[in-house]
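Undergrad: Structure file coords.txt (compact mmCIF, C-alpha atoms) is given on the next line.
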# COMPACT_ATOMS: atom_id res chain seq x y z
CA MET A 1022 44.00 23.25 -193.20
CA ALA A 1023 46.61 22.44 -195.82
CA HIS A 1024 47.62 18.85 -196.44
CA LEU A 1025 51.02 17.73 -197.57
CA TYR A 1026 50.81 14.56 -199.64
CA ILE A 1027 53.73 12.17 -199.44
CA PRO A 1028 55.03 10.84 -202.78
CA GLU A 1029 54.43 7.22 -203.74
CA SER A 1030 57.92 5.88 -203.11
CA VAL A 1031 58.29 7.40 -199.61
CA LYS A 1032 56.79 5.51 -196.68
CA THR A 1033 56.66 7.23 -193.29
CA ARG A 1034 55.36 4.20 -191.37
CA SER A 1035 55.73 0.47 -191.71
CA GLU A 1036 52.88 -1.26 -193.48
CA ILE A 1037 51.30 -4.69 -193.12
CA PHE A 1038 50.75 -4.74 -196.88
CA ASN A 1039 51.03 -1.99 -199.49
CA GLY A 1040 48.83 0.92 -198.39
CA PHE A 1041 47.59 -0.69 -195.18
CA GLY A 1042 49.43 0.06 -191.95
CA PHE A 1043 48.91 -0.28 -188.21
CA MET A 1044 46.53 2.72 -188.03
CA GLN A 1045 44.26 1.23 -190.69
CA LEU A 1046 44.39 -2.12 -188.87
CA MET A 1047 43.19 -0.50 -185.64
CA GLN A 1048 40.39 1.30 -187.51
CA THR A 1049 39.35 -1.99 -189.13
CA VAL A 1050 39.34 -3.77 -185.76
CA ALA A 1051 37.21 -1.00 -184.21
CA ILE A 1052 34.68 -0.95 -187.07
CA THR A 1053 34.45 -4.75 -187.11
CA ALA A 1054 33.99 -4.87 -183.32
CA VAL A 1055 31.12 -2.36 -183.40
CA VAL A 1056 29.36 -4.09 -186.27
CA GLY A 1057 30.09 -7.47 -184.64
CA MET A 1058 28.29 -6.37 -181.47
CA ILE A 1059 25.31 -5.12 -183.46
CA SER A 1060 25.25 -8.35 -185.47
CA PHE A 1061 25.42 -10.39 -182.28
CA LEU A 1062 22.42 -8.54 -180.87
CA ILE A 1063 20.53 -9.31 -184.07
CA TYR A 1064 21.68 -12.93 -183.77
CA LEU A 1065 20.21 -13.14 -180.26
CA ILE A 1066 16.83 -12.16 -181.69
CA HIS A 1067 16.79 -14.21 -184.91
CA GLN A 1068 19.19 -17.10 -184.05
CA ASN A 1069 20.64 -17.06 -187.59
CA LEU A 1070 24.36 -17.90 -187.39
CA PRO A 1071 25.18 -17.55 -191.12
CA ILE A 1072 23.96 -13.94 -191.11
CA LEU A 1073 26.12 -13.19 -188.06
CA ILE A 1074 29.27 -14.62 -189.62
CA THR A 1075 28.59 -13.12 -193.07
CA SER A 1076 27.96 -9.63 -191.71
CA ILE A 1077 31.19 -9.67 -189.72
CA LEU A 1078 33.25 -10.92 -192.68
CA ILE A 1079 31.71 -8.42 -195.11
CA THR A 1080 32.31 -5.57 -192.68
CA CYS A 1081 35.93 -6.55 -192.17
CA ALA A 1082 36.57 -6.87 -195.93
CA ALA A 1083 34.79 -3.61 -196.72
CA SER A 1084 36.67 -1.65 -194.07
CA VAL A 1085 40.02 -2.98 -195.31
CA THR A 1086 39.01 -1.99 -198.85
CA ILE A 1087 37.96 1.57 -198.03
CA LEU A 1088 40.88 2.23 -195.67
CA THR A 1089 43.69 0.97 -197.92
CA LYS A 1090 45.65 3.84 -199.48
CA ASP A 1091 46.37 3.89 -203.21
CA ALA A 1092 49.41 5.13 -205.17
CA THR A 1093 48.52 8.75 -204.34
CA ASN A 1094 48.55 7.94 -200.60
CA GLN A 1095 44.80 8.46 -200.33
CA SER A 1096 42.06 6.04 -199.32
CA VAL A 1097 38.38 6.06 -200.26
CA VAL A 1098 37.67 7.72 -196.92
CA ASP A 1099 40.28 10.42 -197.66
CA TYR A 1100 38.71 11.09 -201.06
CA ALA A 1101 35.26 11.41 -199.48
CA LYS A 1102 36.58 13.82 -196.83
CA ASN A 1103 38.25 15.91 -199.53
CA MET A 1104 35.07 16.05 -201.62
CA ILE A 1105 33.00 17.14 -198.61
CA ALA A 1106 35.55 19.80 -197.68
CA PHE A 1107 35.63 21.04 -201.27
CA SER A 1108 31.84 21.24 -201.51
CA LYS A 1109 31.74 23.32 -198.32
CA THR A 1110 34.12 25.89 -199.83
CA GLN A 1111 32.04 26.41 -202.95
CA LYS A 1112 29.82 29.47 -203.08
CA LYS A 1113 26.30 29.34 -204.44
CA TYR A 1114 24.86 32.21 -206.41
CA SER A 1115 21.14 32.16 -207.02
CA TYR A 1116 19.94 33.56 -210.32
CA VAL A 1117 16.47 34.71 -211.25
CA SER A 1118 15.83 35.23 -214.94
CA ARG A 1119 13.76 38.22 -215.92
CA LYS A 1120 11.92 39.06 -219.07
CA GLU A 1121 14.22 40.60 -221.67
CA LEU A 1122 13.69 44.21 -222.68
CA PHE A 1123 14.04 43.67 -226.43
Translate the structure described by the file into structure tokens.
TA:
Amino acid sequence: MAHLYIPESVKTRSEIFNGFGFMQLMQTVAITAVVGMISFLIYLIHQNLPILITSILITCAASVTILTKDATNQSVVDYAKNMIAFSKTQKKYSYVSRKELF
């Protein structure tokens, strides 16, 4: 699947701040909600409110960081997907060395 990268100065969608639009906001909300539920279940067991709040805040900040697109219109997640796709296209040739004749 070929990707067409949009140049830096061209924006196809409105953004909340540079590199972070509505789609990234929805992804951040979903990730934070899932981790928030897991953290709340842990809170019910350990009754430690600072850990609950800290885990939710760290998750929210981390997801914003990895989903924000840079000047090349790529996020950390996009780079990781590209690296995985590239590694799958590489061929591996095994080599067995033999004793030289001379």
Undergrad: Within 12 Å of Tyr1064 (chain A), counting all atoms listed in the file, which residues show up once you throw out same-chain ones fewer than 4 positions away? Write them as an mmCIF file with C-alpha atoms, in the coordinates of the input, please.
TA:
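This is the output file selection_15.cif:
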data_model
loop_
_atom_site.group_PDB
_atom_site.id
_atom_site.type_symbol
_atom_site.label_atom_id
_atom_site.label_comp_id
_atom_site.auth_asym_id
_atom_site.auth_seq_id
_atom_site.Cartn_x
_atom_site.Cartn_y
_atom_site.Cartn_z
ATOM 1 C CA VAL A 1056 29.360 -4.090 -186.270
ATOM 2 C CA GLY A 1057 30.090 -7.470 -184.640
ATOM 3 C CA MET A 1058 28.290 -6.370 -181.470
ATOM 4 C CA ILE A 1059 25.310 -5.120 -183.460
ATOM 5 C CA SER A 1060 25.250 -8.350 -185.470
ATOM 6 C CA GLN A 1068 19.190 -17.100 -184.050
ATOM 7 C CA ASN A 1069 20.640 -17.060 -187.590
ATOM 8 C CA LEU A 1070 24.360 -17.900 -187.390
ATOM 9 C CA PRO A 1071 25.180 -17.550 -191.120
ATOM 10 C CA ILE A 1072 23.960 -13.940 -191.110
ATOM 11 C CA LEU A 1073 26.120 -13.190 -188.060
ATOM 12 C CA ILE A 1074 29.270 -14.620 -189.620
ATOM 13 C CA THR A 1075 28.590 -13.120 -193.070
ATOM 14 C CA SER A 1076 27.960 -9.630 -191.710
ATOM 15 C CA ILE A 1077 31.190 -9.670 -189.720
#
Undergrad: Residues at most 9 Å from region 1081-1085 of chain A, counting only C-alpha atoms, excluding those fewer than 2 positions away in the same chain, as a list in words?
TA: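 Residues near the query, excluding close chain neighbours: Phe1041, Gln1045, Leu1046, Gln1048, Thr1049, Val1050, Ile1052, Thr1053, Ser1076, Ile1077, Leu1078, Ile1079, Ile1087, Leu1088 and Thr1089 of chain A.
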Undergrad: Counting all atoms listed in the file, which residues of region 1066-1099 of chain A sit at most 12 Å from some atom of region 1103-1120 of chain A, and what is each one's closest atom pair with its distance in Å to one decimal, listed by chain and rising residue number, as CSV?
TA:
residue,atom,partner,partner_atom,distance
A:Gln1095,CA,A:Asn1103,CA,10.0
A:Ser1096,CA,A:Asn1103,CA,10.6
A:Val1097,CA,A:Asn1103,CA,9.9
A:Val1098,CA,A:Asn1103,CA,8.6
A:Asp1099,CA,A:Asn1103,CA,6.1
Undergrad: Check the smallest atom-to-atom distance from each of A:His1067, A:Asn1094, A:His1024, A:Ala1054 to Gly1042 (chain A) using all atoms listed in the file, then report the winner.
TA: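 Among A:His1067, A:Asn1094, A:His1024, A:Ala1054, it is A:Asn1094 that comes nearest to Gly1042 (chain A).
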Undergrad: Rounded to one decimal, what separation in Å do you get between CA of Met1047 (chain A) and CA of Leu1065 (chain A)?
TA: 26.8 Å
Undergrad: One decimal, Å: what's the distance from CA of Ala1051 (chain A) over to CA of Ile1037 (chain A), could you say?
TA: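 Calculated distance between CA of Ala1051 (chain A) and CA of Ile1037 (chain A) is 17.1 Å.
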Undergrad: For the atom pair CA of Thr1080 (chain A) and CA of Ile1063 (chain A), what is the interatomic distance in Å to one decimal place?
TA: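 Taking CA of Thr1080 (chain A) and CA of Ile1063 (chain A), their separation equals 15.1 Å.
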Undergrad: Which residue gives the smallest distance to Thr1086 (chain A) among A:Gly1040, A:Leu1025, A:Ser1035, A:Val1055, with only C-alpha atoms counted?
TA: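 Closest residue, counting only C-alpha atoms: A:Gly1040.
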Undergrad: What are the centre and the three edge lengths of an axis-aligned box that wraps all atoms of region 1104-1113 of chain A in the file, given that 4 Å is added to every side, written as lines of an AutoDock Vina configuration file and rounded to one decimal in Å?
TA:
center_x = 31.0
center_y = 22.8
center_z = -201.1
size_x = 17.3
size_y = 21.4
size_z = 14.8
